[in-house]
Amino acid sequence: MKLFGALALSVSLAAAAQAAPPPLSVSGAWSRPAVAGTNGVGYMTLANAGRTPDALVKVESPLAARVEVHSASMAGGVMSMKLQDRVAVPPGGKVAFAPGGYHLMLIGLTKTLKAGDQVPATLTFAGGVKLKMAFAVGTGAAPGRMDNMQH
């Protein structure tokens, strides 16, 4: 009988572990229309529900020759962009990729992005997690709140 009880506990712990959400998630992922052969952009919010810090270190998309992470800043009335090797996502925190801040550059688009399209991507984190997600192509303006959107 003890063996049966230990087995039942083991199964319920495994089920609980499978039901737990992953510590890293993406929400509100969107992009703007862009013509094939040019560059596109990706915005989103990264969240880390875990207890340890992590960092976005690589992004890939089959619709772009390469994807770069940039930060934008304004100084003396001049907007500048800087390539980022990694973007830290603190434990219990969120990082917004939005116009005027962090964003993804989809360089060398292999197809034209129109409103209603989806841009698939894989985000790779320093801790080894890979998230498959998609950017919803909108009309060009920032979308409204999309807190409930998860990929």
# chains A, B, ... in the order shown; residues from 1 in each chain; ligands from 1
$ residues_around --residues "Gly127 in chain A" --least-positions-apart "4" --cutoff "10 Å" --atoms "only C-alpha atoms" --output "number ranges by chain"
A: 52-57
$ residues_around --residues "Ala36 in chain A" --least-positions-apart "4" --cutoff "7 Å" --atoms "only C-alpha atoms" --output "PyMOL selection string"
chain A and resi 109-112
$ atom_distance --atom1 "CA of Lys94 in chain A" --atom2 "CA of Gly108 in chain A"
28.6 Å
$ residues_around --residues "Leu113 in chain A" --least-positions-apart "3" --cutoff "8 Å" --atoms "only C-alpha atoms" --output "short mmCIF file (atom, residue, chain, number, x, y, z; two decimals) with C-alpha atoms, in the first residue's frame"
data_model
loop_
_atom_site.label_atom_id
_atom_site.label_comp_id
_atom_site.auth_asym_id
_atom_site.auth_seq_id
_atom_site.Cartn_x
_atom_site.Cartn_y
_atom_site.Cartn_z
CA ARG A 32 4.12 46.85 -39.09
CA PRO A 33 3.58 46.25 -42.81
CA ALA A 34 6.82 46.16 -44.83
CA VAL A 35 7.91 45.32 -48.37
CA ALA A 36 9.95 42.19 -49.21
CA ASP A 117 -0.10 38.39 -41.58
CA VAL A 137 1.15 42.44 -38.51
#
$ select_by_dssp --residues "range 6-141 of chain A" --states "helix (DSSP H, G or I)" --output "list of chain:residue names"
A:Ala6, A:Leu7, A:Ala8, A:Leu9, A:Ser10, A:Val11, A:Ser12, A:Leu13, A:Ala14, A:Ala15, A:Ala16, A:Ala17, A:Gln18, A:Ala19
$ select_by_dssp --residues "range 11-151 of chain A" --states "strand (DSSP E)" --output "compact mmCIF listing (two decimals) with C-alpha atoms, in the first residue's frame"
# COMPACT_ATOMS: atom_id res chain seq x y z
CA LEU A 24 9.38 33.19 -19.64
CA SER A 25 6.53 34.43 -21.83
CA VAL A 26 5.75 36.85 -24.66
CA SER A 27 2.66 39.02 -24.96
CA GLY A 28 1.41 41.76 -27.28
CA ALA A 29 3.75 40.81 -30.16
CA TRP A 30 3.13 43.01 -33.22
CA SER A 31 4.78 44.32 -36.36
CA GLY A 40 10.62 45.14 -40.75
CA VAL A 41 10.22 45.66 -37.03
CA GLY A 42 8.98 43.61 -34.09
CA TYR A 43 7.57 44.77 -30.77
CA MET A 44 6.44 42.74 -27.74
CA THR A 45 6.60 42.43 -23.98
CA LEU A 46 8.80 39.78 -22.37
CA ALA A 47 7.91 38.57 -18.88
CA ASN A 48 9.92 36.44 -16.46
CA ASP A 54 17.52 35.55 -17.78
CA ALA A 55 18.31 37.42 -20.99
CA LEU A 56 17.16 37.40 -24.59
CA VAL A 57 20.27 36.56 -26.62
CA LYS A 58 19.03 35.57 -30.09
CA VAL A 59 15.99 35.89 -32.33
CA GLU A 60 15.39 34.05 -35.60
CA ALA A 64 14.04 37.53 -42.41
CA ALA A 65 17.65 37.01 -43.44
CA ARG A 66 18.55 37.93 -39.84
CA VAL A 67 16.99 39.52 -36.78
CA GLU A 68 18.82 42.05 -34.62
CA VAL A 69 17.89 43.42 -31.21
CA HIS A 70 18.25 47.21 -31.03
CA SER A 71 17.63 49.92 -28.48
CA ALA A 72 16.61 53.39 -29.57
CA SER A 73 17.31 56.56 -27.66
CA MET A 74 16.89 60.28 -28.14
CA ALA A 75 19.78 62.64 -27.35
CA VAL A 78 18.62 63.02 -32.56
CA MET A 79 17.25 59.47 -32.48
CA SER A 80 19.91 56.75 -32.51
CA MET A 81 19.83 52.96 -32.51
CA LYS A 82 22.33 50.65 -30.88
CA LEU A 83 22.71 46.91 -31.50
CA VAL A 87 18.43 42.15 -23.12
CA ALA A 88 18.12 41.23 -19.44
CA VAL A 89 14.72 40.05 -18.18
CA LYS A 94 8.86 42.59 -17.70
CA VAL A 95 10.73 44.24 -20.55
CA ALA A 96 8.81 46.18 -23.20
CA PHE A 97 9.92 46.25 -26.83
CA TYR A 102 13.98 48.15 -27.48
CA HIS A 103 12.80 46.63 -30.76
CA LEU A 104 13.65 43.84 -33.17
CA MET A 105 14.88 44.66 -36.68
CA LEU A 106 13.74 42.03 -39.19
CA ILE A 107 16.50 42.51 -41.75
CA GLY A 108 16.12 41.37 -45.35
CA LEU A 109 12.45 40.34 -45.35
CA GLN A 118 1.83 36.55 -38.89
CA VAL A 119 5.64 36.68 -38.60
CA PRO A 120 6.90 33.51 -36.89
CA ALA A 121 9.99 33.80 -34.70
CA THR A 122 12.02 31.84 -32.17
CA LEU A 123 13.40 33.69 -29.16
CA THR A 124 16.45 32.16 -27.47
CA PHE A 125 17.35 33.03 -23.87
CA LYS A 130 13.55 28.77 -26.73
CA LEU A 131 10.12 30.33 -27.25
CA LYS A 132 8.30 29.97 -30.56
CA MET A 133 5.93 32.86 -31.16
CA ALA A 134 4.51 35.10 -33.89
CA PHE A 135 4.19 38.83 -34.46
CA ALA A 136 0.76 39.98 -35.66
CA VAL A 137 1.15 42.44 -38.51
$ atom_distance --atom1 "CA of Ser61 in chain A" --atom2 "CA of Pro23 in chain A"
22.3 Å
$ atom_distance --atom1 "CA of Gly138 in chain A" --atom2 "CA of Lys114 in chain A"
7.6 Å
